[in-house]
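Chemist: Here it is, the structure, as structure tokens.
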Amino acid sequence: MPKGIKFLSVFITLCIILSTGASGFAQKKTIRMDARDYYPRERLSTDRWNPPTYLWKLEKEYERLHPDIDIQFIRPPEGMDADVWLTTQLTGGTAPEISEQLFSEVNRNAYKGWYVDLAPFLEKPNPYVKDNKKWKDIFLEIAIATGKAADGKSQYVLPTGITGTAIFYNKDIFKKVGIRPPSTWKEFMDIQEKIKRAGYIPFAFPMAGEKMRANWSLRTIQDMILDSKMAEIKGVKGKIKRTAIEASAISQKELVQAIKRGVYSARDPQWQEQLRLFKEWSKYWEDGYLGVDSQGAYMLFINGQAAMMYESAAQIKPVEVDPLRKFEYGLFYFPRITKESSPYATGISAAAVGGVTGAGSWIIPYTTSNKRLVDETIDWLMFITAPQNYIPMANDLGAAAPALKARKGLDKRLEPFVKSLERGVFRIESFYRGLTREYAEAFYQILQQYLADKLTLQQACEQIQVEMEKAANALIDTHPEWGIKK
Amino acid sequence: MGNKEIISPGGTMKKLFREIIKNRNCYLLLLPTFILLFVFEYYPALSAVYYSFFEWDGFTPPRYVGLENFIQLIFKDTVMAISAKNITILTLFRVIIAITVPLFAAELIFGIFNTKMAYIYRTLLVIPMVVPSMVNLLVWKFVYNPQYGLLNQFLKAIGLSNLCRAWLGDFSTALYAILFLGFPWISSLWFLIFLAGLQNISTDIFDAAKIDGVTGLKRIRFIDIPLILGQIKLILILSTINALQGYVGIMVLTNGGPGNSTMVPGLYLYNNAFYFNKMGYACSIGMILFSILLVLTYINLKYIRSSEEG
């Protein structure tokens with residue numbers, strides 16, 4: 001027998017023996033979890049605070065209870081846009097069994113059939129919660145409502161993390177300058193002028209990289225400036241009240257209808273007022289803010305160079321424990337715009353920016369269903385969302401409060417952010433998630449040009465209007481069921 | 001020689017087939033490479049040609065739109081127009097830099113008679129090759145940082161604080177800051193290719209040139225450059241491809257901003273494909289880039305001839 005054939009037969013025999021032997025062991029089912037903010041990892045020498053680790057504890061406990069399950073944690077590659085990463089995974093059919101995505105993105109993609117409907121599972125009892133009859137009963141109602149799909153029935157995402165935003169301020173600088181946290185826009189501008197004269201940067205504002213701070217600010221300003229117009233935009237009579245459910249007052253469909261009717265228009269001077277106020281504010285930001293990202297803005301604040309920054313609950317833990325901070329800090333909410341500052345102001349307080357949109361907006365992709373792992377994945381999700389597990393896990397992360405009815409043991413530092421939602425959140429999304437991603441990108445580029453004096457207010461608004469109409473038409477194409485004519 | 005006979009025009013298909021059977025083990029060993037090449041290189045490229053005629057989000061069934069993507073891209077898309085202008089500036093600059101600076105460095109090292117010193121300098125110029133490009137980019141991000149950056153700190157130190165600015169956040173400087181990336185622009189690979197080319201020139205030629213009084217810059221112009229034209233051509237093609245397709249540095253440093261002042265087609269393609277889910281449109285951008293590269297490469301191959309090609 002030739003040497004090669006002899007070697008090949010020995011190799012094949014070995015493979016058969018090994019595979020037969022392996023089949024004798026019970027094969028574990030693997031649940032890969034894109035835990036995102038909760039991703040557990042060891043502290044690195046470059047870390048200035050402890051990273052989350054609590055999921056490791058839950059993983060061990062769960063695997064002890066279910067020896068046939070292997071939980072694995074993954075996360076998007078460092079520096080890559082998490083949504084872009086997840087989109088490619090979903091498109092390629094390689095998404096993890098459980099992942100995280102904001103409800104707005106989920107609603108954008110739901111028509112593609114990417115997600116498992118969680119509604120039927122929420123009606124079942126959670127075995128890890130004593131006396132629980134329906135899993136959904138452990139969550140705050142706003143959590144379930146935020147995650148509802150446009151049809152009002154399906155639930156493609158389970159948002160479980162409450163977040164809010166606030167302006168963080170340096171108490172020492174405020175004391176030196178002799179000022180107090182403002183309550184109106186006029187006072188806000190005045191104190192910034194004083195801080196500037198005292199030689200500090202009044203506000204650290206990032207305008208490079210991600211667009212969140214600009215989006216939060218414009219959402220809030222827009223909500224106050226368009227307050228008198230909300231009913232007209234929605235196409236109803238009476239008042240449109242704020243709720244704690246993000247962008248729920250005026251749906252995407254209603255916004256598109258308003259754009260088509262011309263009542264939500266960048267050509268409207270009332271609409272344009274938000275950009276004027278935003279630019280007025282920008283003169284108090286750091287030099288070169290168009291080149292400063294959120295990390296750069298944070299460093300200006302934490303090093304005591306800037307007196308304020310606009311941040312979410314996710315920054316509470318870093319600011320609290322960062323060894324670079326040598327000052328006392330405080331929080332105040334976004335100031336109210338009054339007639340002193342704008343003829344369109346109605347005096348309504350600033351809406352909260354936040355909602356059940358923080359860490360832990362869980363989705364189960366269709367690929368989990370293809371692998372017949374939905375029941376196992378749901379069970380793992382039930383396990384981690386049980387209050388005795390979820391509250392310590394959220395405290396360990398320190399970025400978002402769990403949207404659970406049970407509050408015992410919750411980190412007190414997260415309370416102001418939860419409380420901010422009592423004012424109700426903004427009614428219209430400004431640009432980031434309201435229409436299309438392409439619109440968000442174009443809006444931001446135009447905004448940057450306007451801030452840099454490359455465009456006048458009129459030119460900027462004209463360009464935004466073109467992009468807005470383009471986005472509205474694209475959404476009409478995507479949603480023929482809306483029955484809106486182009 | 002044997003190979004030449006096998007594929008010579010006079011050889012019959014039968015003969016070729018017989019040779020393949022005879023050397024079947026060699027061909028079988030090549031097969032996995034070709035399969036992988038086809039699956040990961042040719043198939044995606046060919047499918048991009050196909051999908052450039054469709055409106056497709058990458059998941060739902062594509063809708064045929066004919067040339068609409070190309071018409072939109074070439075005649076209506078203002079972002080693409082800005083990207084085209086930016087990439088033209090970047091490519092011209094980078095190609096000129098890719099040819100001149102590493103050649104200059106190679107000539108300097110080639111001119112060192114002390115072999116030990118030449119070796120040390122060569123090694124020093126090649127060491128940066130092992131530094132990951134991401135690290136380089138992050139260093140440059142730090143250099144340009146408006147608050148703590150090396151550049152602004154240096155300007156302040158020499159009393160030119162009026163020149164300080166957010167280099168990457170200023171519409172008037174962002175693109176030039178991108179151009180300046182990687183200063184002093186000695187690409188280790190290009191440098192090694194040039195040096196190898198120079199070392200390959202026969203010493204007899206240099207001796208003869210020396211007798212005829214052709215030294216210094218004259219030697220570089222009349223002896224070195226004509227004899228390393230093959231290397232220049234290769235670097236011209238590769239650096240053009242790199243420059244036209246490159247976007248990672250811009251994505252890390254400015255993400256195309258502020259506004260669209262540093263947007264380039266590669267990044268715009270990426271945004272369309274993975275951020276806006278407009279795969280068909282992204283494919284059409286890819287097709288246009290491919291066509292431009294094909295034309296430039298053809299011109300390069302046709303009109304620039306090395307000494308070996310006559």
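In the structure tokens, each chain is lettered A, B, ... as it comes, each chain's residues begin at 1, and ligands are numbered from 1 in order of appearance.
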With 9 Å as the cut-off and only C-alpha atoms counted, what is the closest atom pair between each nearby residue of chain B and chain A? Distances in Å to one decimal, ordered by chain and number, as a Markdown table.
Modeler:
| residue | atom | partner | partner_atom | distance |
| --- | --- | --- | --- | --- |
| B:Gly58 | CA | A:Thr91 | CA | 6.4 |
| B:Phe59 | CA | A:Thr91 | CA | 5.7 |
| B:Thr60 | CA | A:Lys112 | CA | 6.4 |
| B:Asn145 | CA | A:Val292 | CA | 7.7 |
| B:Pro146 | CA | A:Gly288 | CA | 6.4 |
| B:Gln147 | CA | A:Asp287 | CA | 8.3 |
| B:Arg165 | CA | A:Gly288 | CA | 6.4 |
| B:Ala166 | CA | A:Gly288 | CA | 4.6 |
| B:Trp167 | CA | A:Gly291 | CA | 7.4 |
| B:Leu168 | CA | A:Gly291 | CA | 5.5 |
| B:Gly169 | CA | A:Gly291 | CA | 3.6 |
| B:Asp170 | CA | A:Leu290 | CA | 6.9 |
| B:Phe171 | CA | A:Ala452 | CA | 7.8 |
| B:Val252 | CA | A:Gly79 | CA | 8.5 |
| B:Leu253 | CA | A:Gly209 | CA | 8.8 |
| B:Thr254 | CA | A:Gly209 | CA | 7.2 |
| B:Asn255 | CA | A:Gly209 | CA | 6.9 |
| B:Gly257 | CA | A:Gln445 | CA | 7.2 |
| B:Pro258 | CA | A:Gln448 | CA | 6.3 |
| B:Gly259 | CA | A:Gln445 | CA | 4.0 |
| B:Asn260 | CA | A:Gln445 | CA | 6.3 |
| B:Asn271 | CA | A:Glu438 | CA | 9.0 |
| B:Asn272 | CA | A:Glu438 | CA | 8.4 |
| B:Phe274 | CA | A:Val84 | CA | 5.6 |
| B:Tyr275 | CA | A:Val84 | CA | 5.8 |
| B:Phe276 | CA | A:Glu438 | CA | 5.9 |
| B:Asn277 | CA | A:Thr87 | CA | 8.4 |
Chemist: List as a list in words the protein and nucleic acid residues near Lys57 of chain A, meaning an atom at most 10 Å away when only C-alpha atoms are counted, but skip any in the same chain fewer than 3 places from it.
Modeler: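 Contacts, with the query itself left out: Pro40, Thr53, Tyr54, Lys60, Glu61, Tyr62, Asn389 and Met393 of chain A.
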Chemist: Extract, using only C-alpha atoms, all DNA, RNA and protein residues at most 10 Å from Met382 of chain A, discarding same-chain residues fewer than 5 positions from it, and format them as a PyMOL selection string.
Modeler: chain A and resi 121-122+125-129+135+376-377+387+389-390
Chemist: If we count only C-alpha atoms and set the cut-off at 9 Å, which residues sit around segment 212-224 of chain B, ignoring sequence neighbours fewer than 5 positions away in its own chain? Please answer as a ChimeraX atom specification.
Modeler: /B:107,197-198,201,205-207,229
Chemist: Mind checking which residues fall within 9 Å of Leu255 of chain A, counting only C-alpha atoms, ignoring those fewer than 2 positions away in the same chain, and posting them as a PyMOL selection string?
Modeler: chain A and resi 233-234+250-253+257-260+264+428+434-435+472
Chemist: Run DSSP on the backbone of this structure and report the residues of segment 117-330 of chain A it assigns to alpha helix (DSSP H), as a ChimeraX atom specification.
Modeler: /A:119-122,141-147,171-177,185-197,212-225,230-234,252-261,269-282,294-302,316-321
Chemist: Have a look at A:Asp37, A:Asp137, A:Glu429, A:Glu63 and name the one nearest to Trp216 of chain A; count only C-alpha atoms.
Modeler: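 The closest residue to Trp216 of chain A is A:Glu429.
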Chemist: Would you mind listing what lies within 10 Å of Met279 of chain B as a PyMOL selection string, with only C-alpha atoms counted and same-chain residues fewer than 6 positions away left out?
Modeler: chain B and resi 48+51-52+54-59+62+269-273+285
Chemist: For atom CA of Asn86 of chain B and atom CA of Gly246 of chain B, quote the distance in Å rounded to one decimal.
Modeler: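 Straight-line distance from atom CA of Asn86 of chain B to atom CA of Gly246 of chain B works out to 12.0 Å.
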Chemist: Could you tell me how far atom CA of Thr367 of chain A lies from atom CA of Arg75 of chain A, in Å and to one decimal?
Modeler: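 Straight-line distance from atom CA of Thr367 of chain A to atom CA of Arg75 of chain A works out to 17.0 Å.
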Chemist: Would you work out the distance separating atom CA of Gln245 of chain B from atom CA of Leu289 of chain B, expressed in Å to one decimal?
Modeler: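 Between atom CA of Gln245 of chain B and atom CA of Leu289 of chain B the gap is 7.6 Å.
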Chemist: List every residue of segment 159-275 of chain B that has an atom at most 8 Å from any atom of segment 129-140 of chain B, giving for each one its closest atom pair and the distance in Å to one decimal, counting only C-alpha atoms, sorted by chain and then by ascending residue number, as CSV.
Modeler:
residue,atom,partner,partner_atom,distance
B:Leu181,CA,B:Trp140,CA,6.9
B:Gly182,CA,B:Asn136,CA,7.7
B:Ser187,CA,B:Met129,CA,7.9
B:Ser188,CA,B:Met129,CA,5.9
B:Leu189,CA,B:Met129,CA,7.7
B:Gly249,CA,B:Leu137,CA,6.4
B:Val252,CA,B:Leu137,CA,7.3
B:Leu253,CA,B:Leu137,CA,7.4
